[in-house]
>>> print(open('structure33.pdb').read())   # PDB, C-alpha atoms and all ligand atoms
ATOM      1  CA  MET Y 222       4.274  -3.113  21.264  1.00  0.00           C
ATOM      2  CA  SER Y 223       5.597  -1.190  18.276  1.00  0.00           C
ATOM      3  CA  ILE Y 224       4.736   2.388  17.379  1.00  0.00           C
ATOM      4  CA  GLN Y 225       4.416   3.046  13.662  1.00  0.00           C
ATOM      5  CA  SER Y 226       4.372   6.575  12.283  1.00  0.00           C
ATOM      6  CA  VAL Y 227       3.714   7.524   8.668  1.00  0.00           C
ATOM      7  CA  ARG Y 228       5.304  10.347   6.684  1.00  0.00           C
ATOM      8  CA  ARG Y 229       5.947  11.321   3.089  1.00  0.00           C
ATOM      9  CA  MET Y 230       8.619   9.330   1.257  1.00  0.00           C
ATOM     10  CA  GLU Y 231      11.953  11.099   0.701  1.00  0.00           C
ATOM     11  CA  SER Y 232      14.681  10.284  -1.823  1.00  0.00           C
ATOM     12  CA  SER Y 233      16.909   9.014   0.989  1.00  0.00           C
ATOM     13  CA  ASP Y 234      14.259   6.362   1.825  1.00  0.00           C
ATOM     14  CA  ILE Y 235      14.476   4.729  -1.602  1.00  0.00           C
ATOM     15  CA  PRO Y 236      17.208   2.137  -0.792  1.00  0.00           C
ATOM     16  CA  GLN Y 237      15.182   0.792   2.148  1.00  0.00           C
ATOM     17  CA  VAL Y 238      11.883   0.997   0.222  1.00  0.00           C
ATOM     18  CA  TYR Y 239      13.455  -0.865  -2.687  1.00  0.00           C
ATOM     19  CA  ARG Y 240      14.785  -3.563  -0.339  1.00  0.00           C
ATOM     20  CA  ILE Y 241      11.308  -4.100   1.124  1.00  0.00           C
ATOM     21  CA  ALA Y 242       9.712  -4.118  -2.350  1.00  0.00           C
ATOM     22  CA  CYS Y 243      12.145  -6.769  -3.619  1.00  0.00           C
ATOM     23  CA  SER Y 244      11.601  -9.029  -0.630  1.00  0.00           C
ATOM     24  CA  ALA Y 245       7.839  -8.572  -0.127  1.00  0.00           C
ATOM     25  CA  LEU Y 246       6.357  -8.217  -3.618  1.00  0.00           C
ATOM     26  CA  ASP Y 247       6.167 -11.045  -6.136  1.00  0.00           C
ATOM     27  CA  GLN Y 248       7.055  -8.947  -9.175  1.00  0.00           C
ATOM     28  CA  CYS Y 249      10.336  -7.121  -9.838  1.00  0.00           C
ATOM     29  CA  TYR Y 250      10.342  -3.354 -10.228  1.00  0.00           C
ATOM     30  CA  ALA Y 251      13.089  -1.015 -11.454  1.00  0.00           C
ATOM     31  CA  ARG Y 252      14.666   0.973  -8.625  1.00  0.00           C
ATOM     32  CA  GLY Y 253      14.137   4.158 -10.662  1.00  0.00           C
ATOM     33  CA  LEU Y 254      10.371   3.668 -10.453  1.00  0.00           C
ATOM     34  CA  PHE Y 255      10.258   5.053  -6.908  1.00  0.00           C
ATOM     35  CA  GLY Y 256      11.941   8.342  -7.848  1.00  0.00           C
ATOM     36  CA  PHE Y 257       9.550   8.663 -10.771  1.00  0.00           C
ATOM     37  CA  LEU Y 258       6.515   8.058  -8.532  1.00  0.00           C
ATOM     38  CA  MET Y 259       7.734  10.718  -6.070  1.00  0.00           C
ATOM     39  CA  PHE Y 260       8.190  13.128  -8.958  1.00  0.00           C
ATOM     40  CA  GLN Y 261       4.715  12.557 -10.422  1.00  0.00           C
ATOM     41  CA  TRP Y 262       2.761  12.722  -7.119  1.00  0.00           C
ATOM     42  CA  SER Y 263       4.890  13.281  -4.004  1.00  0.00           C
ATOM     43  CA  ARG Y 264       1.995  13.355  -1.528  1.00  0.00           C
ATOM     44  CA  GLY Y 265       0.880   9.903  -2.698  1.00  0.00           C
ATOM     45  CA  GLN Y 266       4.169   8.222  -1.701  1.00  0.00           C
ATOM     46  CA  LEU Y 267       4.358   7.375   2.011  1.00  0.00           C
ATOM     47  CA  VAL Y 268       6.576   5.367   4.350  1.00  0.00           C
ATOM     48  CA  SER Y 269       5.934   3.911   7.798  1.00  0.00           C
ATOM     49  CA  CYS Y 270       8.700   4.120  10.397  1.00  0.00           C
ATOM     50  CA  ASP Y 271       9.315   2.413  13.719  1.00  0.00           C
ATOM     51  CA  MET Y 272      10.155   4.269  16.912  1.00  0.00           C
ATOM     52  CA  PHE Y 273      13.820   4.467  15.847  1.00  0.00           C
ATOM     53  CA  GLY Y 274      12.919   6.095  12.516  1.00  0.00           C
ATOM     54  CA  GLU Y 275      13.686   2.969  10.473  1.00  0.00           C
ATOM     55  CA  VAL Y 276      11.481   2.551   7.407  1.00  0.00           C
ATOM     56  CA  THR Y 277       9.228  -0.480   7.926  1.00  0.00           C
ATOM     57  CA  GLY Y 278       6.892  -0.227   4.928  1.00  0.00           C
ATOM     58  CA  PHE Y 279       5.647   1.946   2.103  1.00  0.00           C
ATOM     59  CA  ILE Y 280       2.693   2.750  -0.098  1.00  0.00           C
ATOM     60  CA  CYS Y 281       2.996   4.211  -3.597  1.00  0.00           C
ATOM     61  CA  GLY Y 282       0.002   5.766  -5.302  1.00  0.00           C
ATOM     62  CA  THR Y 283      -0.878   7.140  -8.689  1.00  0.00           C
ATOM     63  CA  LEU Y 284      -3.543   9.738  -9.380  1.00  0.00           C
ATOM     64  CA  LEU Y 285      -5.589   8.232 -12.220  1.00  0.00           C
ATOM     65  CA  ARG Y 286      -8.146  11.073 -12.298  1.00  0.00           C
ATOM     66  CA  ASP Y 287      -8.916  14.020 -10.019  1.00  0.00           C
ATOM     67  CA  ASP Y 288     -11.407  11.795  -8.147  1.00  0.00           C
ATOM     68  CA  LEU Y 289      -9.640   8.394  -8.348  1.00  0.00           C
ATOM     69  CA  ALA Y 290      -6.281   7.257  -6.952  1.00  0.00           C
ATOM     70  CA  SER Y 291      -4.645   3.881  -7.433  1.00  0.00           C
ATOM     71  CA  ILE Y 292      -2.523   2.105  -4.844  1.00  0.00           C
ATOM     72  CA  SER Y 293       0.227   0.859  -7.142  1.00  0.00           C
ATOM     73  CA  LEU Y 294       2.685  -0.671  -4.658  1.00  0.00           C
ATOM     74  CA  PHE Y 295       2.160  -1.479  -0.986  1.00  0.00           C
ATOM     75  CA  ALA Y 296       4.278  -3.598   1.341  1.00  0.00           C
ATOM     76  CA  VAL Y 297       5.483  -3.877   4.917  1.00  0.00           C
ATOM     77  CA  ASP Y 298       8.773  -5.546   5.831  1.00  0.00           C
ATOM     78  CA  ALA Y 299       8.053  -9.130   6.911  1.00  0.00           C
ATOM     79  CA  ALA Y 300       9.748  -8.476  10.266  1.00  0.00           C
ATOM     80  CA  HIS Y 301       7.290  -5.649  10.997  1.00  0.00           C
ATOM     81  CA  ARG Y 302       3.957  -7.091   9.914  1.00  0.00           C
ATOM     82  CA  ARG Y 303       0.990  -7.253  12.275  1.00  0.00           C
ATOM     83  CA  GLU Y 304       2.205  -4.138  14.100  1.00  0.00           C
ATOM     84  CA  GLY Y 305      -0.290  -1.783  12.469  1.00  0.00           C
ATOM     85  CA  ALA Y 306       2.011  -0.306   9.814  1.00  0.00           C
ATOM     86  CA  GLY Y 307      -0.111  -1.503   6.872  1.00  0.00           C
ATOM     87  CA  THR Y 308      -3.318  -0.050   8.314  1.00  0.00           C
ATOM     88  CA  ALA Y 309      -1.566   3.213   9.216  1.00  0.00           C
ATOM     89  CA  LEU Y 310      -0.186   3.522   5.670  1.00  0.00           C
ATOM     90  CA  LEU Y 311      -3.575   2.779   4.116  1.00  0.00           C
ATOM     91  CA  GLU Y 312      -5.421   5.329   6.249  1.00  0.00           C
ATOM     92  CA  ALA Y 313      -2.717   7.996   5.780  1.00  0.00           C
ATOM     93  CA  PHE Y 314      -2.945   7.428   2.033  1.00  0.00           C
ATOM     94  CA  ALA Y 315      -6.758   7.745   2.133  1.00  0.00           C
ATOM     95  CA  ALA Y 316      -6.434  10.971   4.139  1.00  0.00           C
ATOM     96  CA  ALA Y 317      -3.874  12.398   1.693  1.00  0.00           C
ATOM     97  CA  CYS Y 318      -6.246  11.639  -1.186  1.00  0.00           C
ATOM     98  CA  ALA Y 319      -9.265  13.131   0.624  1.00  0.00           C
ATOM     99  CA  ARG Y 320      -7.318  16.318   1.464  1.00  0.00           C
ATOM    100  CA  GLN Y 321      -6.883  17.051  -2.206  1.00  0.00           C
ATOM    101  CA  GLY Y 322     -10.462  16.167  -3.103  1.00  0.00           C
ATOM    102  CA  CYS Y 323      -9.835  12.667  -4.446  1.00  0.00           C
ATOM    103  CA  ARG Y 324     -12.815  10.623  -3.239  1.00  0.00           C
ATOM    104  CA  MET Y 325     -12.090   7.035  -4.313  1.00  0.00           C
ATOM    105  CA  MET Y 326      -9.091   4.696  -4.230  1.00  0.00           C
ATOM    106  CA  GLN Y 327      -8.575   1.368  -5.965  1.00  0.00           C
ATOM    107  CA  LEU Y 328      -6.012  -1.412  -6.043  1.00  0.00           C
ATOM    108  CA  GLU Y 329      -5.397  -4.783  -7.646  1.00  0.00           C
ATOM    109  CA  VAL Y 330      -4.605  -7.933  -5.693  1.00  0.00           C
ATOM    110  CA  ARG Y 331      -3.929 -11.493  -6.810  1.00  0.00           C
ATOM    111  CA  LEU Y 332      -7.111 -13.545  -6.993  1.00  0.00           C
ATOM    112  CA  GLU Y 333      -5.523 -16.363  -4.966  1.00  0.00           C
ATOM    113  CA  ASN Y 334      -4.183 -14.018  -2.259  1.00  0.00           C
ATOM    114  CA  GLU Y 335      -7.150 -14.573   0.037  1.00  0.00           C
ATOM    115  CA  SER Y 336      -5.417 -13.271   3.179  1.00  0.00           C
ATOM    116  CA  THR Y 337      -4.566  -9.904   1.624  1.00  0.00           C
ATOM    117  CA  ARG Y 338      -8.013  -9.645   0.016  1.00  0.00           C
ATOM    118  CA  GLY Y 339      -9.428 -10.206   3.513  1.00  0.00           C
ATOM    119  CA  PHE Y 340      -7.136  -7.491   4.911  1.00  0.00           C
ATOM    120  CA  TYR Y 341      -8.591  -5.038   2.365  1.00  0.00           C
ATOM    121  CA  ARG Y 342     -12.206  -6.202   2.861  1.00  0.00           C
ATOM    122  CA  ARG Y 343     -11.896  -5.613   6.611  1.00  0.00           C
ATOM    123  CA  ARG Y 344     -10.768  -2.072   5.763  1.00  0.00           C
ATOM    124  CA  GLY Y 345     -13.798  -1.273   3.633  1.00  0.00           C
ATOM    125  CA  PHE Y 346     -12.687  -2.313   0.136  1.00  0.00           C
ATOM    126  CA  THR Y 347     -15.088  -4.208  -2.132  1.00  0.00           C
ATOM    127  CA  ASP Y 348     -14.395  -6.273  -5.255  1.00  0.00           C
ATOM    128  CA  THR Y 349     -15.358  -4.499  -8.482  1.00  0.00           C
ATOM    129  CA  GLU Y 350     -13.726  -6.401 -11.332  1.00  0.00           C
ATOM    130  CA  LEU Y 351     -11.902  -9.609 -12.197  1.00  0.00           C
ATOM    131  CA  LEU Y 352      -8.806  -8.874 -14.313  1.00  0.00           C
ATOM    132  CA  THR Y 353      -7.640 -11.961 -16.196  1.00  0.00           C
ATOM    133  CA  ASP Y 354      -3.998 -12.287 -17.286  1.00  0.00           C
ATOM    134  CA  PHE Y 355      -3.165  -9.180 -15.256  1.00  0.00           C
ATOM    135  CA  TYR Y 356       0.335 -10.065 -14.027  1.00  0.00           C
ATOM    136  CA  THR Y 357       3.473 -10.739 -16.075  1.00  0.00           C
ATOM    137  CA  ASP Y 358       3.207 -14.430 -15.091  1.00  0.00           C
ATOM    138  CA  HIS Y 359      -0.381 -14.390 -16.518  1.00  0.00           C
ATOM    139  CA  GLY Y 360      -1.955 -14.535 -13.052  1.00  0.00           C
ATOM    140  CA  ASN Y 361      -5.408 -13.054 -12.460  1.00  0.00           C
ATOM    141  CA  ALA Y 362      -6.201 -10.086 -10.214  1.00  0.00           C
ATOM    142  CA  VAL Y 363      -9.233  -8.639  -8.477  1.00  0.00           C
ATOM    143  CA  ARG Y 364      -9.736  -4.876  -8.517  1.00  0.00           C
ATOM    144  CA  MET Y 365     -11.003  -3.492  -5.216  1.00  0.00           C
ATOM    145  CA  ILE Y 366     -12.305  -0.017  -4.463  1.00  0.00           C
ATOM    146  CA  ARG Y 367     -13.087   2.140  -1.432  1.00  0.00           C
ATOM    147  CA  SER Y 368     -14.045   5.691  -0.595  1.00  0.00           C
ATOM    148  CA  THR Y 369     -11.202   7.792   0.833  1.00  0.00           C
ATOM    149  CA  ASP Y 370     -13.378   9.295   3.582  1.00  0.00           C
ATOM    150  CA  GLN Y 371     -14.338   5.966   5.122  1.00  0.00           C
ATOM    151  CA  PRO Y 372     -12.022   5.110   8.041  1.00  0.00           C
ATOM    152  CA  SER Y 373     -11.539   1.374   8.731  1.00  0.00           C
TER
HETATM  153  C1  LIG Y 401      -0.743  -6.567   3.297  1.00  0.00           C
HETATM  154  C2  LIG Y 401       0.321  -5.951   4.213  1.00  0.00           C
HETATM  155  C3  LIG Y 401       0.821  -4.641   3.588  1.00  0.00           C
HETATM  156  C4  LIG Y 401      -0.316  -5.636   5.591  1.00  0.00           C
HETATM  157  O1  LIG Y 401       0.657  -4.974   6.405  1.00  0.00           O
HETATM  158  P1  LIG Y 401       0.692  -5.102   8.010  1.00  0.00           P
HETATM  159  O2  LIG Y 401       1.639  -4.070   8.506  1.00  0.00           O
HETATM  160  O3  LIG Y 401       0.916  -6.493   8.444  1.00  0.00           O
HETATM  161  O4  LIG Y 401      -0.803  -4.655   8.370  1.00  0.00           O
HETATM  162  P2  LIG Y 401      -1.419  -4.413   9.844  1.00  0.00           P
HETATM  163  O5  LIG Y 401      -0.416  -4.738  10.896  1.00  0.00           O
HETATM  164  O6  LIG Y 401      -2.005  -3.049   9.886  1.00  0.00           O
HETATM  165  O7  LIG Y 401      -2.612  -5.444   9.865  1.00  0.00           O
HETATM  166  C5  LIG Y 401      -2.384  -6.826   9.664  1.00  0.00           C
HETATM  167  C6  LIG Y 401      -3.116  -7.625  10.728  1.00  0.00           C
HETATM  168  O8  LIG Y 401      -2.400  -7.516  11.945  1.00  0.00           O
HETATM  169  C7  LIG Y 401      -3.287  -7.123  12.975  1.00  0.00           C
HETATM  170  N1  LIG Y 401      -2.519  -6.304  13.939  1.00  0.00           N
HETATM  171  C8  LIG Y 401      -2.192  -5.006  13.808  1.00  0.00           C
HETATM  172  N2  LIG Y 401      -1.484  -4.603  14.893  1.00  0.00           N
HETATM  173  C9  LIG Y 401      -1.357  -5.701  15.684  1.00  0.00           C
HETATM  174  C10 LIG Y 401      -0.718  -5.945  16.910  1.00  0.00           C
HETATM  175  N3  LIG Y 401      -0.043  -4.965  17.565  1.00  0.00           N
HETATM  176  N4  LIG Y 401      -0.747  -7.207  17.411  1.00  0.00           N
HETATM  177  C11 LIG Y 401      -1.406  -8.188  16.767  1.00  0.00           C
HETATM  178  N5  LIG Y 401      -2.043  -8.023  15.581  1.00  0.00           N
HETATM  179  C12 LIG Y 401      -2.007  -6.785  15.060  1.00  0.00           C
HETATM  180  C13 LIG Y 401      -4.344  -6.331  12.275  1.00  0.00           C
HETATM  181  O9  LIG Y 401      -5.539  -6.287  13.037  1.00  0.00           O
HETATM  182  C14 LIG Y 401      -4.499  -7.090  10.977  1.00  0.00           C
HETATM  183  O10 LIG Y 401      -5.385  -8.174  11.062  1.00  0.00           O
HETATM  184  P3  LIG Y 401      -6.898  -8.039  10.475  1.00  0.00           P
HETATM  185  O11 LIG Y 401      -6.770  -7.753   8.993  1.00  0.00           O
HETATM  186  O12 LIG Y 401      -7.518  -9.353  10.793  1.00  0.00           O
HETATM  187  O13 LIG Y 401      -7.508  -6.874  11.181  1.00  0.00           O
HETATM  188  C15 LIG Y 401       1.488  -6.940   4.455  1.00  0.00           C
HETATM  189  O14 LIG Y 401       0.973  -8.172   4.871  1.00  0.00           O
HETATM  190  C16 LIG Y 401       2.402  -7.164   3.253  1.00  0.00           C
HETATM  191  O15 LIG Y 401       3.334  -6.406   3.005  1.00  0.00           O
HETATM  192  N6  LIG Y 401       2.145  -8.262   2.493  1.00  0.00           N
HETATM  193  C17 LIG Y 401       3.019  -8.630   1.354  1.00  0.00           C
HETATM  194  C18 LIG Y 401       2.883  -7.690   0.186  1.00  0.00           C
HETATM  195  C19 LIG Y 401       1.457  -7.560  -0.276  1.00  0.00           C
HETATM  196  O16 LIG Y 401       0.696  -8.524  -0.324  1.00  0.00           O
HETATM  197  N7  LIG Y 401       1.100  -6.308  -0.636  1.00  0.00           N
HETATM  198  C20 LIG Y 401      -0.219  -6.006  -1.137  1.00  0.00           C
HETATM  199  C21 LIG Y 401      -0.255  -6.243  -2.622  1.00  0.00           C
HETATM  200  S1  LIG Y 401      -1.894  -5.937  -3.254  1.00  0.00           S
END
>>> encode(input="structure33.pdb", output="structure tokens", more="lines below")
Ligand SMILES: CC(C)(COP(=O)(O)OP(=O)(O)OC[C@H]1O[C@@H](n2cnc3c(N)ncnc32)[C@H](O)[C@@H]1OP(=O)(O)O)[C@@H](O)C(=O)NCCC(=O)NCCS
Amino acid sequence: MSIQSVRRMESSDIPQVYRIACSALDQCYARGLFGFLMFQWSRGQLVSCDMFGEVTGFICGTLLRDDLASISLFAVDAAHRREGAGTALLEAFAAACARQGCRMMQLEVRLENESTRGFYRRRGFTDTELLTDFYTDHGNAVRMIRSTDQPS
């Protein structure tokens, strides 16, 4: 059994977060993006850690409006999946949003990524919109939305 805790992202976490992003996500992001995200909304950037304090995953959010947050980047290291880190990150993010009065959160996921869409559906997200040509490789996405005060 693995214990996953969640805390706010710090600058010193960025190398590990960037490593996970490069290996787990199918688009490339500039390393400087993470510092920028922390600067623009520090409480919306979270990491999960194992019992030794090693970063196992992260979630990066953007506040689109006072009442709507977007989950921009979200990944767990492949070696630490199915240990609860993803769910813990998602719920900690929802709680952080709710604490500052932000009631809804949304995300985009590849249309073909049925397993991840199922992960979100089981945690209360519903499809709201099909976004054609959303990714740089012209792939399509589905936008999903959920209330921040609805625990999974
Ligand atoms: C989507 C993602 C973040 C989920 O992270 P995760 O840490 O594996 O998530 P969890 O461990 O909380 O949950 C995953 C599954 O493992 C199960 N699980 C959790 N703890 C478990 C345990 N100790 N033993 C067995 N199964 C467990 C969960 O129940 C869940 O299954 P369910 O959805 O049928 O309920 C991860 O798969 C990932 O990084 N994918 C690649 C990047 C990606 O797709 N990002 C999202 C872009 S939109």
>>> closest_atom_pairs(input="structure33.pdb", of="chain Y", to="ligand LIG 401 (chain Y)", cutoff="6 Å", atoms="only C-alpha atoms and all ligand atoms", output="tab-separated table")
residue	atom	partner	partner_atom	distance
Y:Met222	CA	Y:LIG401	N3	6.0
Y:Ala245	CA	Y:LIG401	C17	5.0
Y:Leu246	CA	Y:LIG401	C18	5.2
Y:Phe295	CA	Y:LIG401	N7	5.0
Y:Ala296	CA	Y:LIG401	O15	3.4
Y:Val297	CA	Y:LIG401	O15	3.8
Y:Arg302	CA	Y:LIG401	O3	3.4
Y:Arg303	CA	Y:LIG401	O5	3.2
Y:Glu304	CA	Y:LIG401	N2	3.8
Y:Gly305	CA	Y:LIG401	O6	3.3
Y:Ala306	CA	Y:LIG401	O2	4.0
Y:Gly307	CA	Y:LIG401	O2	3.5
Y:Thr308	CA	Y:LIG401	O6	3.6
Y:Glu329	CA	Y:LIG401	S1	5.7
Y:Val330	CA	Y:LIG401	S1	4.2
Y:Thr337	CA	Y:LIG401	C1	5.3
Y:Phe340	CA	Y:LIG401	O11	4.1
>>> atom_distance(input="structure33.pdb", atom1="atom CA of Tyr356 of chain Y", atom2="atom CA of Asp247 of chain Y")
9.9 Å
>>> residues_around(input="structure33.pdb", residues="segment 229-239 of chain Y", least_positions_apart="5", cutoff="7 Å", atoms="all atoms listed in the file", output="MDAnalysis selection string")
chainID Y and resid 252 255:256 264 266:268 276 278:279
>>> residues_around(input="structure33.pdb", residues="Leu254 of chain Y", least_positions_apart="3", cutoff="12 Å", atoms="all atoms listed in the file", output="list of chain:residue names")
Y:Ser232, Y:Ile235, Y:Pro236, Y:Val238, Y:Tyr239, Y:Ala242, Y:Cys249, Y:Tyr250, Y:Ala251, Y:Phe257, Y:Leu258, Y:Met259, Y:Phe260, Y:Gln261, Y:Gln266, Y:Cys281, Y:Gly282, Y:Thr283, Y:Ser293, Y:Leu294
>>> closest_residue(input="structure33.pdb", among="Y:Arg367, Y:His359, Y:Arg240, Y:Arg324", to="Leu311 of chain Y", atoms="only C-alpha atoms")
Y:Arg367
>>> closest_atom_pairs(input="structure33.pdb", of="segment 237-333 of chain Y", to="segment 348-355 of chain Y", cutoff="12 Å", atoms="all atoms listed in the file", output="JSON lines")
{"residue": "Y:Gln248", "atom": "CA", "partner": "Y:Phe355", "partner_atom": "CA", "distance": 11.9}
{"residue": "Y:Met326", "atom": "CA", "partner": "Y:Thr349", "partner_atom": "CA", "distance": 11.9}
{"residue": "Y:Gln327", "atom": "CA", "partner": "Y:Thr349", "partner_atom": "CA", "distance": 9.3}
{"residue": "Y:Leu328", "atom": "CA", "partner": "Y:Asp348", "partner_atom": "CA", "distance": 9.7}
{"residue": "Y:Glu329", "atom": "CA", "partner": "Y:Leu352", "partner_atom": "CA", "distance": 8.5}
{"residue": "Y:Val330", "atom": "CA", "partner": "Y:Leu352", "partner_atom": "CA", "distance": 9.6}
{"residue": "Y:Arg331", "atom": "CA", "partner": "Y:Phe355", "partner_atom": "CA", "distance": 8.8}
{"residue": "Y:Leu332", "atom": "CA", "partner": "Y:Leu351", "partner_atom": "CA", "distance": 8.1}
{"residue": "Y:Glu333", "atom": "CA", "partner": "Y:Leu351", "partner_atom": "CA", "distance": 11.8}
>>> axis_aligned_box(input="structure33.pdb", around="segment 317-335 of chain Y", padding_each_side="5 Å", output="lines of an AutoDock Vina configuration file")
center_x = -8.3
center_y = 0.3
center_z = -3.0
size_x = 18.9
size_y = 43.4
size_z = 19.3
>>> atom_distance(input="structure33.pdb", atom1="atom CA of Tyr341 of chain Y", atom2="atom CA of Ile366 of chain Y")
9.3 Å
>>> closest_residue(input="structure33.pdb", among="Y:Asp271, Y:Ser226, Y:Thr369, Y:Ile241", to="Arg320 of chain Y", atoms="only C-alpha atoms")
Y:Thr369
>>> atom_distance(input="structure33.pdb", atom1="atom CA of Met365 of chain Y", atom2="atom CA of His301 of chain Y")
24.5 Å
>>> build_atoms(input="structure33.pdb", residues="segment 288-312 of chain Y", atoms="N, CA and C atoms", output="tab-separated table (two decimals), keeping the file's coordinate frame")
chain	number	residue	atom	x	y	z
Y	288	ASP	N	-10.59	12.42	-9.19
Y	288	ASP	CA	-11.41	11.80	-8.15
Y	288	ASP	C	-11.06	10.32	-7.91
Y	289	LEU	N	-9.98	9.82	-8.50
Y	289	LEU	CA	-9.64	8.39	-8.35
Y	289	LEU	C	-8.13	8.18	-8.27
Y	290	ALA	N	-7.69	7.59	-7.13
Y	290	ALA	CA	-6.28	7.26	-6.95
Y	290	ALA	C	-6.11	5.74	-6.98
Y	291	SER	N	-4.95	5.31	-7.43
Y	291	SER	CA	-4.64	3.88	-7.43
Y	291	SER	C	-3.50	3.61	-6.47
Y	292	ILE	N	-3.64	2.56	-5.67
Y	292	ILE	CA	-2.52	2.10	-4.84
Y	292	ILE	C	-1.71	1.15	-5.72
Y	293	SER	N	-0.55	1.62	-6.17
Y	293	SER	CA	0.23	0.86	-7.14
Y	293	SER	C	1.12	-0.17	-6.47
Y	294	LEU	N	1.77	0.22	-5.38
Y	294	LEU	CA	2.68	-0.67	-4.66
Y	294	LEU	C	2.46	-0.46	-3.17
Y	295	PHE	N	2.46	-1.58	-2.42
Y	295	PHE	CA	2.16	-1.48	-0.99
Y	295	PHE	C	2.78	-2.69	-0.30
Y	296	ALA	N	3.67	-2.46	0.63
Y	296	ALA	CA	4.28	-3.60	1.34
Y	296	ALA	C	4.84	-3.14	2.68
Y	297	VAL	N	4.85	-4.07	3.61
Y	297	VAL	CA	5.48	-3.88	4.92
Y	297	VAL	C	6.54	-4.96	5.06
Y	298	ASP	N	7.69	-4.60	5.58
Y	298	ASP	CA	8.77	-5.55	5.83
Y	298	ASP	C	8.23	-6.72	6.65
Y	299	ALA	N	8.59	-7.93	6.24
Y	299	ALA	CA	8.05	-9.13	6.91
Y	299	ALA	C	8.30	-9.10	8.43
Y	300	ALA	N	9.41	-8.51	8.83
Y	300	ALA	CA	9.75	-8.48	10.27
Y	300	ALA	C	8.86	-7.51	11.04
Y	301	HIS	N	8.10	-6.69	10.32
Y	301	HIS	CA	7.29	-5.65	11.00
Y	301	HIS	C	5.80	-5.77	10.70
Y	302	ARG	N	5.39	-6.93	10.20
Y	302	ARG	CA	3.96	-7.09	9.91
Y	302	ARG	C	3.18	-7.32	11.21
Y	303	ARG	N	1.89	-7.09	11.13
Y	303	ARG	CA	0.99	-7.25	12.28
Y	303	ARG	C	1.38	-6.33	13.45
Y	304	GLU	N	1.91	-5.16	13.09
Y	304	GLU	CA	2.20	-4.14	14.10
Y	304	GLU	C	1.41	-2.87	13.81
Y	305	GLY	N	0.55	-2.93	12.79
Y	305	GLY	CA	-0.29	-1.78	12.47
Y	305	GLY	C	0.24	-0.88	11.37
Y	306	ALA	N	1.43	-1.19	10.83
Y	306	ALA	CA	2.01	-0.31	9.81
Y	306	ALA	C	1.15	-0.27	8.55
Y	307	GLY	N	0.68	-1.45	8.10
Y	307	GLY	CA	-0.11	-1.50	6.87
Y	307	GLY	C	-1.38	-0.67	6.99
Y	308	THR	N	-2.08	-0.82	8.11
Y	308	THR	CA	-3.32	-0.05	8.31
Y	308	THR	C	-3.01	1.44	8.39
Y	309	ALA	N	-1.93	1.79	9.09
Y	309	ALA	CA	-1.57	3.21	9.22
Y	309	ALA	C	-1.24	3.80	7.84
Y	310	LEU	N	-0.52	3.05	7.02
Y	310	LEU	CA	-0.19	3.52	5.67
Y	310	LEU	C	-1.45	3.72	4.83
Y	311	LEU	N	-2.33	2.73	4.91
Y	311	LEU	CA	-3.58	2.78	4.12
Y	311	LEU	C	-4.42	3.99	4.50
Y	312	GLU	N	-4.57	4.22	5.80
Y	312	GLU	CA	-5.42	5.33	6.25
Y	312	GLU	C	-4.75	6.68	5.98
